[in-house]
$ cat input13.txt   # compact mmCIF, C-alpha atoms and all ligand atoms
# COMPACT_ATOMS: atom_id res chain seq x y z
CA MET A 1 -11.58 -25.61 13.19
CA THR A 2 -13.08 -26.03 9.69
CA VAL A 3 -11.80 -28.97 7.63
CA THR A 4 -11.06 -28.20 3.98
CA GLU A 5 -11.00 -30.70 1.11
CA VAL A 6 -7.65 -32.17 0.06
CA GLY A 7 -5.99 -29.80 -2.42
CA THR A 8 -7.96 -26.78 -1.21
CA MET A 9 -7.48 -24.30 1.59
CA ARG A 10 -9.29 -21.54 3.42
CA ALA A 11 -8.11 -18.07 2.45
CA ILE A 12 -9.29 -14.49 2.50
CA GLN A 13 -10.11 -13.26 -0.96
CA VAL A 14 -10.83 -9.75 -2.23
CA SER A 15 -12.98 -9.74 -5.38
CA ARG A 16 -13.73 -6.02 -5.47
CA PHE A 17 -11.92 -3.08 -3.89
CA GLY A 18 -13.56 -1.65 -0.79
CA GLY A 19 -13.42 -1.40 2.98
CA PRO A 20 -12.85 -4.27 5.45
CA GLU A 21 -16.15 -5.87 4.31
CA ALA A 22 -14.38 -6.73 1.03
CA LEU A 23 -12.29 -9.35 2.92
CA LYS A 24 -14.25 -12.59 2.34
CA LEU A 25 -13.47 -16.11 3.51
CA ALA A 26 -13.18 -18.45 0.50
CA GLU A 27 -12.15 -22.01 -0.26
CA LEU A 28 -9.44 -21.87 -2.92
CA PRO A 29 -7.11 -24.35 -4.63
CA ASP A 30 -3.79 -24.81 -2.83
CA PRO A 31 -1.18 -22.50 -4.41
CA VAL A 32 1.53 -24.25 -6.45
CA PRO A 33 5.16 -23.10 -6.06
CA GLY A 34 7.09 -22.21 -9.23
CA PRO A 35 10.89 -22.21 -9.69
CA GLY A 36 12.67 -20.55 -6.73
CA GLN A 37 9.50 -20.66 -4.62
CA LEU A 38 8.42 -22.56 -1.51
CA LEU A 39 5.02 -23.71 -0.24
CA ILE A 40 4.47 -22.69 3.40
CA GLN A 41 1.95 -24.13 5.85
CA VAL A 42 0.99 -20.80 7.44
CA THR A 43 0.85 -20.55 11.25
CA GLY A 44 0.67 -16.75 11.33
CA ALA A 45 0.04 -13.97 8.79
CA GLY A 46 1.05 -10.39 9.45
CA VAL A 47 -1.38 -7.53 8.92
CA ASN A 48 0.15 -4.22 7.83
CA PHE A 49 -1.44 -0.82 7.40
CA ALA A 50 -0.65 -0.95 3.68
CA ASP A 51 -2.92 -4.03 3.43
CA THR A 52 -5.89 -1.75 4.15
CA SER A 53 -4.87 0.42 1.16
CA ARG A 54 -4.40 -2.67 -1.05
CA VAL A 55 -7.95 -3.79 -0.21
CA ALA A 56 -9.25 -0.26 -0.86
CA GLY A 57 -7.51 -0.20 -4.27
CA SER A 58 -5.52 2.93 -3.39
CA TYR A 59 -2.12 1.21 -3.11
CA GLN A 60 0.27 1.52 -6.10
CA PRO A 61 0.83 -0.81 -7.82
CA ALA A 62 -2.77 -1.98 -7.28
CA PRO A 63 -3.16 -5.78 -7.08
CA ALA A 64 -5.15 -7.49 -9.85
CA LEU A 65 -8.60 -8.72 -8.74
CA PRO A 66 -9.36 -11.18 -7.28
CA PHE A 67 -6.44 -11.46 -4.86
CA VAL A 68 -5.50 -12.89 -1.47
CA PRO A 69 -3.93 -10.12 0.66
CA GLY A 70 -1.01 -10.58 3.03
CA THR A 71 2.66 -9.86 2.34
CA GLU A 72 4.24 -11.68 5.30
CA VAL A 73 3.81 -15.16 6.73
CA VAL A 74 5.43 -17.41 9.28
CA GLY A 75 5.04 -21.17 9.00
CA THR A 76 6.65 -24.45 8.03
CA THR A 77 8.11 -25.65 4.73
CA ALA A 78 7.56 -29.12 3.24
CA ASP A 79 10.95 -30.17 4.67
CA GLY A 80 9.93 -29.04 8.18
CA ARG A 81 11.82 -25.76 8.54
CA ARG A 82 10.12 -22.91 10.46
CA VAL A 83 10.46 -19.82 8.29
CA LEU A 84 9.43 -16.20 7.94
CA ALA A 85 8.71 -14.97 4.43
CA LEU A 86 8.07 -11.65 2.74
CA ASN A 87 6.01 -11.72 -0.43
CA PHE A 88 4.86 -8.43 -1.93
CA ALA A 89 2.76 -10.43 -4.43
CA GLY A 90 0.40 -11.24 -1.52
CA GLY A 91 -1.25 -14.55 -0.69
CA GLY A 92 -0.50 -14.50 3.05
CA TYR A 93 -4.05 -14.45 4.49
CA ALA A 94 -4.41 -18.19 3.90
CA GLU A 95 -3.71 -21.63 5.31
CA ARG A 96 -0.99 -22.17 2.70
CA ALA A 97 1.08 -19.63 0.78
CA VAL A 98 3.71 -19.64 -1.95
CA VAL A 99 6.74 -17.46 -1.23
CA ASP A 100 10.05 -16.61 -2.90
CA ALA A 101 13.00 -18.49 -1.38
CA ALA A 102 15.10 -15.30 -1.79
CA THR A 103 12.97 -13.42 0.75
CA THR A 104 12.53 -16.32 3.19
CA VAL A 105 14.57 -16.76 6.37
CA GLU A 106 14.64 -19.40 9.10
CA VAL A 107 13.27 -18.22 12.44
CA PRO A 108 15.30 -18.84 15.61
CA ALA A 109 13.44 -21.26 17.93
CA GLN A 110 13.34 -18.63 20.71
CA VAL A 111 11.42 -16.14 18.54
CA GLY A 112 7.63 -16.65 18.56
CA ASP A 113 5.38 -16.21 15.52
CA ALA A 114 4.03 -12.77 16.50
CA THR A 115 7.50 -11.37 17.21
CA ALA A 116 8.89 -12.81 13.97
CA LEU A 117 6.07 -11.18 11.99
CA ALA A 118 6.60 -7.86 13.81
CA LEU A 119 10.26 -7.88 12.78
CA LEU A 120 9.59 -8.33 9.07
CA VAL A 121 7.87 -5.38 7.30
CA GLN A 122 7.60 -3.24 10.44
CA GLY A 123 10.97 -4.17 11.96
CA LEU A 124 12.84 -3.75 8.68
CA THR A 125 11.09 -0.42 8.11
CA ALA A 126 12.01 0.90 11.56
CA TRP A 127 15.60 -0.35 11.08
CA HIS A 128 16.08 1.23 7.63
CA VAL A 129 14.31 4.47 8.49
CA LEU A 130 16.50 5.07 11.55
CA ARG A 131 19.76 3.77 10.10
CA GLY A 132 19.55 4.54 6.40
CA SER A 133 17.14 7.45 5.96
CA ALA A 134 17.56 9.42 9.22
CA ARG A 135 21.22 8.43 9.79
CA LEU A 136 20.51 8.65 13.53
CA ARG A 137 23.64 9.52 15.50
CA ASP A 138 24.54 8.89 19.15
CA GLY A 139 22.82 11.25 21.56
CA GLU A 140 20.34 12.67 19.05
CA THR A 141 16.69 13.44 19.82
CA VAL A 142 14.18 11.42 17.83
CA VAL A 143 10.41 11.91 17.62
CA ILE A 144 8.47 8.77 16.66
CA GLY A 145 4.94 9.25 15.33
CA ALA A 146 2.22 6.57 15.87
CA ALA A 147 4.66 5.27 18.49
CA ALA A 148 2.36 2.56 19.89
CA GLY A 149 1.70 1.10 16.41
CA GLY A 150 3.57 -1.65 14.61
CA VAL A 151 6.47 0.31 13.11
CA GLY A 152 6.33 2.83 15.98
CA SER A 153 6.82 0.22 18.73
CA LEU A 154 9.85 -1.19 16.95
CA ALA A 155 11.23 2.30 16.29
CA VAL A 156 11.01 3.22 19.99
CA ARG A 157 12.99 0.11 20.91
CA LEU A 158 15.51 0.45 18.07
CA ALA A 159 16.10 4.18 18.53
CA ARG A 160 17.19 3.39 22.08
CA HIS A 161 19.42 0.55 20.84
CA PHE A 162 20.96 2.79 18.14
CA GLY A 163 22.01 5.34 20.78
CA ALA A 164 19.31 8.05 20.65
CA GLY A 165 19.76 10.53 23.49
CA LEU A 166 16.07 11.40 23.89
CA VAL A 167 13.25 9.24 22.51
CA ILE A 168 10.00 11.20 22.18
CA ALA A 169 6.91 9.13 21.41
CA ALA A 170 3.90 10.75 19.76
CA ALA A 171 0.50 9.04 19.80
CA SER A 172 -3.16 9.97 19.72
CA THR A 173 -4.44 8.69 23.09
CA PRO A 174 -3.23 8.58 26.72
CA GLU A 175 -3.34 4.74 26.60
CA LYS A 176 -1.08 4.65 23.54
CA ARG A 177 1.30 7.19 25.09
CA GLU A 178 1.43 5.07 28.27
CA LYS A 179 2.28 2.05 26.15
CA ALA A 180 5.08 3.95 24.36
CA LEU A 181 6.58 4.92 27.73
CA ARG A 182 6.49 1.25 28.80
CA LEU A 183 8.33 0.40 25.56
CA GLY A 184 11.14 2.72 26.65
CA ALA A 185 10.34 6.20 25.34
CA ASP A 186 11.59 9.04 27.59
CA VAL A 187 8.67 11.35 26.85
CA ALA A 188 5.25 10.79 25.28
CA LEU A 189 3.34 13.62 23.59
CA ASP A 190 -0.09 14.05 22.04
CA SER A 191 0.41 13.69 18.28
CA ALA A 192 -2.43 16.08 17.31
CA PRO A 193 -0.88 18.48 14.75
CA ASP A 194 -2.21 21.57 16.54
CA GLY A 195 0.57 22.74 18.88
CA PHE A 196 2.72 19.68 18.16
CA ALA A 197 5.92 21.60 17.31
CA GLU A 198 5.55 23.64 20.54
CA ARG A 199 5.18 20.44 22.59
CA VAL A 200 8.34 19.02 21.00
CA ARG A 201 10.24 22.26 21.65
CA ASP A 202 9.05 22.25 25.29
CA ALA A 203 10.36 18.70 25.66
CA THR A 204 13.75 19.59 24.13
CA GLY A 205 14.63 22.80 25.95
CA GLY A 206 13.41 24.88 22.98
CA ARG A 207 15.74 23.21 20.45
CA GLY A 208 13.45 20.85 18.53
CA ALA A 209 14.15 17.32 17.29
CA ASP A 210 17.10 16.03 15.30
CA VAL A 211 14.95 13.34 13.68
CA VAL A 212 11.19 13.01 13.14
CA LEU A 213 9.70 9.72 11.90
CA GLU A 214 6.46 10.63 10.13
CA SER A 215 3.91 8.16 8.75
CA THR A 216 0.57 9.97 9.16
CA GLY A 217 0.79 12.57 6.37
CA GLY A 218 -1.41 15.67 6.00
CA ALA A 219 -1.17 18.20 8.83
CA ALA A 220 1.02 15.81 10.88
CA PHE A 221 3.71 16.04 8.18
CA THR A 222 3.76 19.84 8.38
CA ALA A 223 3.76 19.75 12.19
CA GLY A 224 6.68 17.29 12.13
CA LEU A 225 8.69 19.57 9.86
CA ASP A 226 7.99 22.52 12.19
CA ALA A 227 9.30 20.46 15.13
CA LEU A 228 12.82 19.98 13.67
CA ALA A 229 15.99 21.51 15.11
CA PRO A 230 18.64 23.00 12.74
CA PHE A 231 20.16 20.15 10.65
CA GLY A 232 17.12 18.06 11.57
CA ARG A 233 15.83 15.29 9.27
CA LEU A 234 12.21 14.28 8.78
CA VAL A 235 11.62 10.84 7.29
CA THR A 236 8.27 10.41 5.56
CA PHE A 237 7.25 6.77 5.07
CA GLY A 238 3.46 6.65 5.28
CA ASN A 239 0.16 8.41 4.82
CA ALA A 240 -2.16 6.76 7.37
CA SER A 241 -4.43 9.83 7.41
CA ARG A 242 -4.91 9.42 3.62
CA GLN A 243 -4.60 13.23 3.38
CA GLY A 244 -1.48 13.02 1.22
CA ARG A 245 1.81 14.73 1.89
CA PRO A 246 1.95 18.50 1.34
CA PRO A 247 4.57 19.90 -1.05
CA VAL A 248 7.87 20.88 0.53
CA ASP A 249 9.40 24.30 -0.16
CA PRO A 250 13.16 23.83 -0.79
CA GLY A 251 13.67 27.46 0.24
CA GLU A 252 12.22 26.76 3.67
CA LEU A 253 14.48 23.71 4.01
CA SER A 254 17.60 25.73 3.25
CA ASP A 255 16.50 28.67 5.43
CA ARG A 256 16.17 26.32 8.41
CA ASN A 257 18.95 23.82 7.46
CA LEU A 258 16.54 20.88 7.27
CA ALA A 259 16.30 17.67 5.24
CA VAL A 260 13.33 15.55 4.24
CA ALA A 261 13.94 11.91 3.34
CA GLY A 262 11.47 9.37 1.99
CA PHE A 263 11.44 5.62 2.58
CA TRP A 264 9.71 2.66 0.88
CA LEU A 265 10.62 -0.89 1.87
CA ARG A 266 9.51 -2.63 -1.32
CA PRO A 267 12.42 -1.66 -3.62
CA VAL A 268 14.90 -1.84 -0.75
CA VAL A 269 14.67 -5.56 0.11
CA THR A 270 16.32 -6.60 -3.17
CA LEU A 271 19.35 -4.35 -2.59
CA PRO A 272 22.40 -6.31 -1.41
CA GLY A 273 22.66 -6.33 2.40
CA HIS A 274 19.25 -4.76 2.96
CA PHE A 275 17.07 -7.79 3.78
CA ARG A 276 18.75 -10.81 5.41
CA GLU A 277 21.43 -8.81 7.25
CA PRO A 278 19.16 -6.35 9.14
CA LEU A 279 16.68 -9.16 9.80
CA THR A 280 19.46 -11.29 11.30
CA GLU A 281 20.38 -8.35 13.54
CA LEU A 282 16.73 -7.93 14.58
CA PHE A 283 16.42 -11.66 15.37
CA ALA A 284 19.60 -11.50 17.47
CA LEU A 285 18.19 -8.56 19.46
CA ALA A 286 14.94 -10.47 20.00
CA VAL A 287 16.78 -13.62 21.11
CA ASP A 288 18.92 -11.80 23.69
CA GLY A 289 15.89 -9.93 25.08
CA ARG A 290 16.70 -6.40 23.88
CA LEU A 291 13.78 -6.34 21.45
CA THR A 292 11.01 -7.97 23.43
CA LEU A 293 7.59 -6.66 22.42
CA PRO A 294 4.25 -6.90 24.19
CA PRO A 295 1.91 -9.06 22.08
CA GLY A 296 -0.45 -7.23 19.72
CA PRO A 297 -3.91 -8.48 18.75
CA ALA A 298 -4.34 -11.88 17.02
CA TYR A 299 -7.50 -12.66 15.02
CA PRO A 300 -8.75 -15.89 13.48
CA LEU A 301 -8.43 -15.94 9.68
CA ASP A 302 -12.17 -15.51 9.13
CA GLU A 303 -12.07 -12.29 11.17
CA ALA A 304 -9.57 -10.53 8.91
CA HIS A 305 -12.26 -7.91 8.30
CA ARG A 306 -12.31 -7.13 12.03
CA ALA A 307 -8.50 -6.82 12.10
CA HIS A 308 -8.66 -4.26 9.28
CA ARG A 309 -11.55 -2.41 10.90
CA ASP A 310 -9.60 -2.11 14.17
CA LEU A 311 -6.40 -1.01 12.38
CA ILE A 312 -8.19 1.68 10.35
CA GLY A 313 -10.12 2.72 13.47
CA ARG A 314 -6.79 3.30 15.33
CA ARG A 315 -7.84 0.76 18.00
CA THR A 316 -4.77 -1.51 17.74
CA THR A 317 -1.32 -1.28 19.26
CA GLY A 318 1.72 -3.37 18.32
CA LYS A 319 1.73 -6.09 15.65
CA VAL A 320 -1.63 -7.27 14.32
CA ILE A 321 -1.65 -10.90 13.15
CA LEU A 322 -4.04 -13.51 11.75
CA ARG A 323 -3.99 -17.14 12.92
CA PRO A 324 -5.15 -19.38 10.05
N1 LIG B 401 7.24 3.05 3.55
C1 LIG B 401 7.19 1.77 3.88
O1 LIG B 401 7.86 0.92 3.28
C2 LIG B 401 6.32 1.37 5.03
C3 LIG B 401 6.46 0.10 5.61
C4 LIG B 401 5.64 -0.21 6.70
C5 LIG B 401 4.72 0.71 7.16
N2 LIG B 401 4.61 1.91 6.55
C6 LIG B 401 3.66 2.93 7.02
O2 LIG B 401 3.93 3.16 8.40
C7 LIG B 401 2.75 3.45 9.10
C8 LIG B 401 2.58 2.47 10.23
O3 LIG B 401 2.31 1.18 9.70
P1 LIG B 401 1.89 -0.01 10.65
O4 LIG B 401 1.56 -1.16 9.77
O5 LIG B 401 2.92 -0.17 11.70
O6 LIG B 401 0.52 0.52 11.28
P2 LIG B 401 0.20 0.99 12.79
O7 LIG B 401 1.18 2.04 13.18
O8 LIG B 401 0.13 -0.21 13.64
O9 LIG B 401 -1.24 1.63 12.62
C9 LIG B 401 -1.38 2.88 12.00
C10 LIG B 401 -1.34 4.03 13.01
O10 LIG B 401 -1.35 5.25 12.28
C11 LIG B 401 -1.90 6.26 13.10
N3 LIG B 401 -2.89 7.05 12.36
C12 LIG B 401 -2.84 8.38 12.20
N4 LIG B 401 -3.88 8.80 11.49
C13 LIG B 401 -4.62 7.73 11.20
C14 LIG B 401 -5.84 7.54 10.49
N5 LIG B 401 -6.51 8.56 9.95
N6 LIG B 401 -6.33 6.29 10.39
C15 LIG B 401 -5.67 5.25 10.92
N7 LIG B 401 -4.49 5.38 11.59
C16 LIG B 401 -3.98 6.61 11.74
C17 LIG B 401 -2.57 5.55 14.30
O11 LIG B 401 -1.77 5.81 15.45
P3 LIG B 401 -2.20 7.05 16.41
O12 LIG B 401 -3.64 6.77 16.77
O13 LIG B 401 -1.27 7.01 17.55
O14 LIG B 401 -2.06 8.27 15.54
C18 LIG B 401 -2.54 4.09 13.92
O15 LIG B 401 -2.43 3.25 15.04
C19 LIG B 401 1.61 3.38 8.05
O16 LIG B 401 1.36 4.66 7.56
C20 LIG B 401 2.20 2.48 6.98
O17 LIG B 401 1.61 2.66 5.72
C21 LIG B 401 5.39 2.26 5.50
$ encode --input "input13.txt" --output "C-alpha cells" --more "lines below"
Ligand SMILES: NC(=O)c1ccc[n+]([C@@H]2O[C@H](COP(=O)([O-])OP(=O)(O)OC[C@H]3O[C@@H](n4cnc5c(N)ncnc54)[C@H](OP(=O)(O)O)[C@@H]3O)[C@@H](O)[C@H]2O)c1
Amino acid sequence: MTVTEVGTMRAIQVSRFGGPEALKLAELPDPVPGPGQLLIQVTGAGVNFADTSRVAGSYQPAPALPFVPGTEVVGTTADGRRVLALNFAGGGYAERAVVDAATTVEVPAQVGDATALALLVQGLTAWHVLRGSARLRDGETVVIGAAAGGVGSLAVRLARHFGAGLVIAAASTPEKREKALRLGADVALDSAPDGFAERVRDATGGRGADVVLESTGGAAFTAGLDALAPFGRLVTFGNASRQGRPPVDPGELSDRNLAVAGFWLRPVVTLPGHFREPLTELFALAVDGRLTLPPGPAYPLDEAHRAHRDLIGRRTTGKVILRP
C-alpha cells in the first residue's frame, strides 16, 4: 500500500474527457467538508455505468474539469460510524470523500461493503423502476435487460420479491444468462435485438411481456417495445449502447395499448420517501438473506481504468467496486 503525506490522499482524477485511459492516479489535498457534509474514510467506491459517460464527457450535466469520479462510497465517519453515501457531485474514487449528510445512511453490520454499494444507485434504480415506473403487479411477466449487470441482478431478485409471475432475463452471452438463472430468473434469453420479440412471445405462450426494463437503447429499445403484451409498460432508464433512444409513435402506443415510462434516479432521491425508505427496505432484505448477491469484481483504486474498460467491454457481471 502506498503511503500518502499527511493532508493529502490518493484519488483518481480526470483532467480531460476521454476513455478509461483518462482515469489517472493523483495525489490530491484531502477534501474539506462544508456545512451539512461529512468526511468519509473510503473503504469501497462503487463504479456505475454512468461513470463511463461522465469520464467521456457525454453525461449531462457534464462535470467541470478536473474532477474525481465516483458517486457512491462506503466507509467510516470521523465519529466511527460505518456509512453508505450517495454524492452526485462525485469525489468517490479516492481514499477520502466529502458527502452530504442528507444522502448518507448507516450500514447494518451484516451487510458487507460490496452489497451496500450494490444497493445504492443500482438497488434504488431497480426498486424505483419496478415499483414506481413499471407499477409491477402480482403475477405479471417482466423482462429484464442486461440481467447479469449491476441494476439487472438486483432487478431479477426484486422482481421475484415484488411478486412477478414470470421473470425473463435477457443478456448477451450464455455465461451471463446462466448467472441470471442462478439469481432466480425463470427463463433467460439472448438479448440480441434481432428476433428478440419472438423469443419473448415464445416464452410467454404468445402473449408478450407485461413489463420490459430497458437500459441498452438503440435497436434493443425497439425490440423491447415489440415484445410487450397489451397494456404492457416499457421502462427506459439507460442507453448503454450509446445509440440513443428512437422516437416513439404515440399512435402505435394507443393502437397496441402500451405505455413507455422513463426513469432517472438523480432527481428522485430528493423527493420525500424516495431515498432512505427504499434503501432501508433493501438493507432489510439483504440482512434476512432475500437479497444476497454473488460478489462482482473489485479493483484496486489505481486500476480504475481497468474497471471502466471491463464495464464498457461488457466483461463484468454484478456490482463493480474499487478498493482504495
Ligand atoms: N436512469 C438511472 O437513474 C440509472 C441508474 C443506474 C443505471 N442506469 C443505467 O442502467 C444500465 C445498467 O447500469 P449498471 O451500472 O448496472 O451497468 P451494468 O448493467 O453492470 O453494465 C452495463 C451492461 O449493459 C449491457 N450493454 C448493452 N450494450 C452495451 C454496450 N454497447 N456497451 C456496454 N454495455 C452494453 C451489457 O450487458 P449485456 O452484455 O448483457 O448486454 C453490460 O453488462 C446502464 O445503461 C446505466 O446507465 C440508469
$ closest_atom_pairs --input "input13.txt" --of "chain A" --to "ligand LIG 401 (chain B)" --cutoff "7 Å" --atoms "all atoms listed in the file" --output "JSON lines"
{"residue": "A:Asn48", "atom": "CA", "partner": "B:LIG401", "partner_atom": "O4", "distance": 3.9}
{"residue": "A:Phe49", "atom": "CA", "partner": "B:LIG401", "partner_atom": "O4", "distance": 3.8}
{"residue": "A:Ala50", "atom": "CA", "partner": "B:LIG401", "partner_atom": "O17", "distance": 4.7}
{"residue": "A:Val121", "atom": "CA", "partner": "B:LIG401", "partner_atom": "C4", "distance": 5.7}
{"residue": "A:Gln122", "atom": "CA", "partner": "B:LIG401", "partner_atom": "C4", "distance": 5.2}
{"residue": "A:Thr125", "atom": "CA", "partner": "B:LIG401", "partner_atom": "C3", "distance": 5.3}
{"residue": "A:Gly145", "atom": "CA", "partner": "B:LIG401", "partner_atom": "O13", "distance": 7.0}
{"residue": "A:Ala146", "atom": "CA", "partner": "B:LIG401", "partner_atom": "O13", "distance": 3.9}
{"residue": "A:Ala147", "atom": "CA", "partner": "B:LIG401", "partner_atom": "O13", "distance": 6.3}
{"residue": "A:Ala148", "atom": "CA", "partner": "B:LIG401", "partner_atom": "O13", "distance": 6.2}
{"residue": "A:Gly149", "atom": "CA", "partner": "B:LIG401", "partner_atom": "O7", "distance": 3.4}
{"residue": "A:Gly150", "atom": "CA", "partner": "B:LIG401", "partner_atom": "O5", "distance": 3.3}
{"residue": "A:Val151", "atom": "CA", "partner": "B:LIG401", "partner_atom": "O5", "distance": 3.8}
{"residue": "A:Gly152", "atom": "CA", "partner": "B:LIG401", "partner_atom": "O7", "distance": 5.9}
{"residue": "A:Ala170", "atom": "CA", "partner": "B:LIG401", "partner_atom": "O13", "distance": 6.8}
{"residue": "A:Ala171", "atom": "CA", "partner": "B:LIG401", "partner_atom": "O13", "distance": 3.5}
{"residue": "A:Ser172", "atom": "CA", "partner": "B:LIG401", "partner_atom": "O13", "distance": 4.1}
{"residue": "A:Thr173", "atom": "CA", "partner": "B:LIG401", "partner_atom": "O13", "distance": 6.6}
{"residue": "A:Lys176", "atom": "CA", "partner": "B:LIG401", "partner_atom": "O13", "distance": 6.4}
{"residue": "A:Ser191", "atom": "CA", "partner": "B:LIG401", "partner_atom": "O14", "distance": 6.6}
{"residue": "A:Ser215", "atom": "CA", "partner": "B:LIG401", "partner_atom": "O16", "distance": 4.5}
{"residue": "A:Thr216", "atom": "CA", "partner": "B:LIG401", "partner_atom": "C12", "distance": 4.8}
{"residue": "A:Phe237", "atom": "CA", "partner": "B:LIG401", "partner_atom": "N1", "distance": 4.0}
{"residue": "A:Gly238", "atom": "CA", "partner": "B:LIG401", "partner_atom": "O16", "distance": 3.7}
{"residue": "A:Asn239", "atom": "CA", "partner": "B:LIG401", "partner_atom": "O16", "distance": 4.8}
{"residue": "A:Ala240", "atom": "CA", "partner": "B:LIG401", "partner_atom": "O16", "distance": 4.1}
{"residue": "A:Ser241", "atom": "CA", "partner": "B:LIG401", "partner_atom": "N5", "distance": 3.5}
{"residue": "A:Arg242", "atom": "CA", "partner": "B:LIG401", "partner_atom": "N5", "distance": 6.6}
{"residue": "A:Phe263", "atom": "CA", "partner": "B:LIG401", "partner_atom": "N1", "distance": 5.0}
{"residue": "A:Trp264", "atom": "CA", "partner": "B:LIG401", "partner_atom": "O1", "distance": 3.5}
{"residue": "A:Leu265", "atom": "CA", "partner": "B:LIG401", "partner_atom": "O1", "distance": 3.6}
{"residue": "A:Arg266", "atom": "CA", "partner": "B:LIG401", "partner_atom": "O1", "distance": 6.0}
{"residue": "A:Leu311", "atom": "CA", "partner": "B:LIG401", "partner_atom": "O9", "distance": 5.8}
{"residue": "A:Ile312", "atom": "CA", "partner": "B:LIG401", "partner_atom": "C15", "distance": 4.4}
{"residue": "A:Gly313", "atom": "CA", "partner": "B:LIG401", "partner_atom": "C15", "distance": 5.7}
{"residue": "A:Arg314", "atom": "CA", "partner": "B:LIG401", "partner_atom": "O15", "distance": 4.4}
{"residue": "A:Arg315", "atom": "CA", "partner": "B:LIG401", "partner_atom": "O15", "distance": 6.7}
{"residue": "A:Thr316", "atom": "CA", "partner": "B:LIG401", "partner_atom": "O15", "distance": 6.0}
{"residue": "A:Thr317", "atom": "CA", "partner": "B:LIG401", "partner_atom": "O8", "distance": 5.9}
{"residue": "A:Gly318", "atom": "CA", "partner": "B:LIG401", "partner_atom": "O8", "distance": 5.9}
{"residue": "A:Lys319", "atom": "CA", "partner": "B:LIG401", "partner_atom": "O8", "distance": 6.4}
$ closest_atom_pairs --input "input13.txt" --of "range 72-127 of chain A" --to "range 41-46 of chain A" --cutoff "12 Å" --atoms "all atoms listed in the file" --output "JSON lines"
{"residue": "A:Glu72", "atom": "CA", "partner": "A:Gly46", "partner_atom": "CA", "distance": 5.4}
{"residue": "A:Val73", "atom": "CA", "partner": "A:Ala45", "partner_atom": "CA", "distance": 4.5}
{"residue": "A:Val74", "atom": "CA", "partner": "A:Gly44", "partner_atom": "CA", "distance": 5.2}
{"residue": "A:Gly75", "atom": "CA", "partner": "A:Val42", "partner_atom": "CA", "distance": 4.4}
{"residue": "A:Thr76", "atom": "CA", "partner": "A:Gln41", "partner_atom": "CA", "distance": 5.2}
{"residue": "A:Thr77", "atom": "CA", "partner": "A:Gln41", "partner_atom": "CA", "distance": 6.4}
{"residue": "A:Ala78", "atom": "CA", "partner": "A:Gln41", "partner_atom": "CA", "distance": 7.9}
{"residue": "A:Asp79", "atom": "CA", "partner": "A:Gln41", "partner_atom": "CA", "distance": 10.9}
{"residue": "A:Gly80", "atom": "CA", "partner": "A:Gln41", "partner_atom": "CA", "distance": 9.7}
{"residue": "A:Arg81", "atom": "CA", "partner": "A:Gln41", "partner_atom": "CA", "distance": 10.4}
{"residue": "A:Arg82", "atom": "CA", "partner": "A:Gln41", "partner_atom": "CA", "distance": 9.5}
{"residue": "A:Val83", "atom": "CA", "partner": "A:Val42", "partner_atom": "CA", "distance": 9.6}
{"residue": "A:Leu84", "atom": "CA", "partner": "A:Gly44", "partner_atom": "CA", "distance": 9.4}
{"residue": "A:Ala85", "atom": "CA", "partner": "A:Ala45", "partner_atom": "CA", "distance": 9.8}
{"residue": "A:Leu86", "atom": "CA", "partner": "A:Gly46", "partner_atom": "CA", "distance": 9.8}
{"residue": "A:Asn87", "atom": "CA", "partner": "A:Gly46", "partner_atom": "CA", "distance": 11.1}
{"residue": "A:Gly90", "atom": "CA", "partner": "A:Ala45", "partner_atom": "CA", "distance": 10.7}
{"residue": "A:Gly91", "atom": "CA", "partner": "A:Ala45", "partner_atom": "CA", "distance": 9.6}
{"residue": "A:Gly92", "atom": "CA", "partner": "A:Ala45", "partner_atom": "CA", "distance": 5.8}
{"residue": "A:Tyr93", "atom": "CA", "partner": "A:Ala45", "partner_atom": "CA", "distance": 6.0}
{"residue": "A:Ala94", "atom": "CA", "partner": "A:Val42", "partner_atom": "CA", "distance": 7.0}
{"residue": "A:Glu95", "atom": "CA", "partner": "A:Val42", "partner_atom": "CA", "distance": 5.2}
{"residue": "A:Arg96", "atom": "CA", "partner": "A:Gln41", "partner_atom": "CA", "distance": 4.7}
{"residue": "A:Ala97", "atom": "CA", "partner": "A:Val42", "partner_atom": "CA", "distance": 6.8}
{"residue": "A:Val98", "atom": "CA", "partner": "A:Gln41", "partner_atom": "CA", "distance": 9.2}
{"residue": "A:Val99", "atom": "CA", "partner": "A:Gln41", "partner_atom": "CA", "distance": 10.8}
{"residue": "A:Gly112", "atom": "CA", "partner": "A:Gly44", "partner_atom": "CA", "distance": 10.0}
{"residue": "A:Asp113", "atom": "CA", "partner": "A:Gly44", "partner_atom": "CA", "distance": 6.3}
{"residue": "A:Ala114", "atom": "CA", "partner": "A:Gly44", "partner_atom": "CA", "distance": 7.3}
{"residue": "A:Thr115", "atom": "CA", "partner": "A:Gly46", "partner_atom": "CA", "distance": 10.1}
{"residue": "A:Ala116", "atom": "CA", "partner": "A:Gly46", "partner_atom": "CA", "distance": 9.4}
{"residue": "A:Leu117", "atom": "CA", "partner": "A:Gly46", "partner_atom": "CA", "distance": 5.7}
{"residue": "A:Ala118", "atom": "CA", "partner": "A:Gly46", "partner_atom": "CA", "distance": 7.5}
{"residue": "A:Leu119", "atom": "CA", "partner": "A:Gly46", "partner_atom": "CA", "distance": 10.1}
{"residue": "A:Leu120", "atom": "CA", "partner": "A:Gly46", "partner_atom": "CA", "distance": 8.8}
{"residue": "A:Val121", "atom": "CA", "partner": "A:Gly46", "partner_atom": "CA", "distance": 8.7}
{"residue": "A:Gln122", "atom": "CA", "partner": "A:Gly46", "partner_atom": "CA", "distance": 9.7}
{"residue": "A:Gly123", "atom": "CA", "partner": "A:Gly46", "partner_atom": "CA", "distance": 12.0}
$ atom_distance --input "input13.txt" --atom1 "CA of Leu322 in chain A" --atom2 "CA of Asp302 in chain A"
8.8 Å
$ closest_residue --input "input13.txt" --among "A:Leu39, A:Val212, A:Thr71, A:Gly163" --to "Arg54 in chain A" --atoms "all atoms listed in the file"
A:Thr71
$ closest_residue --input "input13.txt" --among "A:Gly224, A:Ala180, A:Asn257, A:Pro300" --to "Pro193 in chain A" --atoms "all atoms listed in the file"
A:Gly224
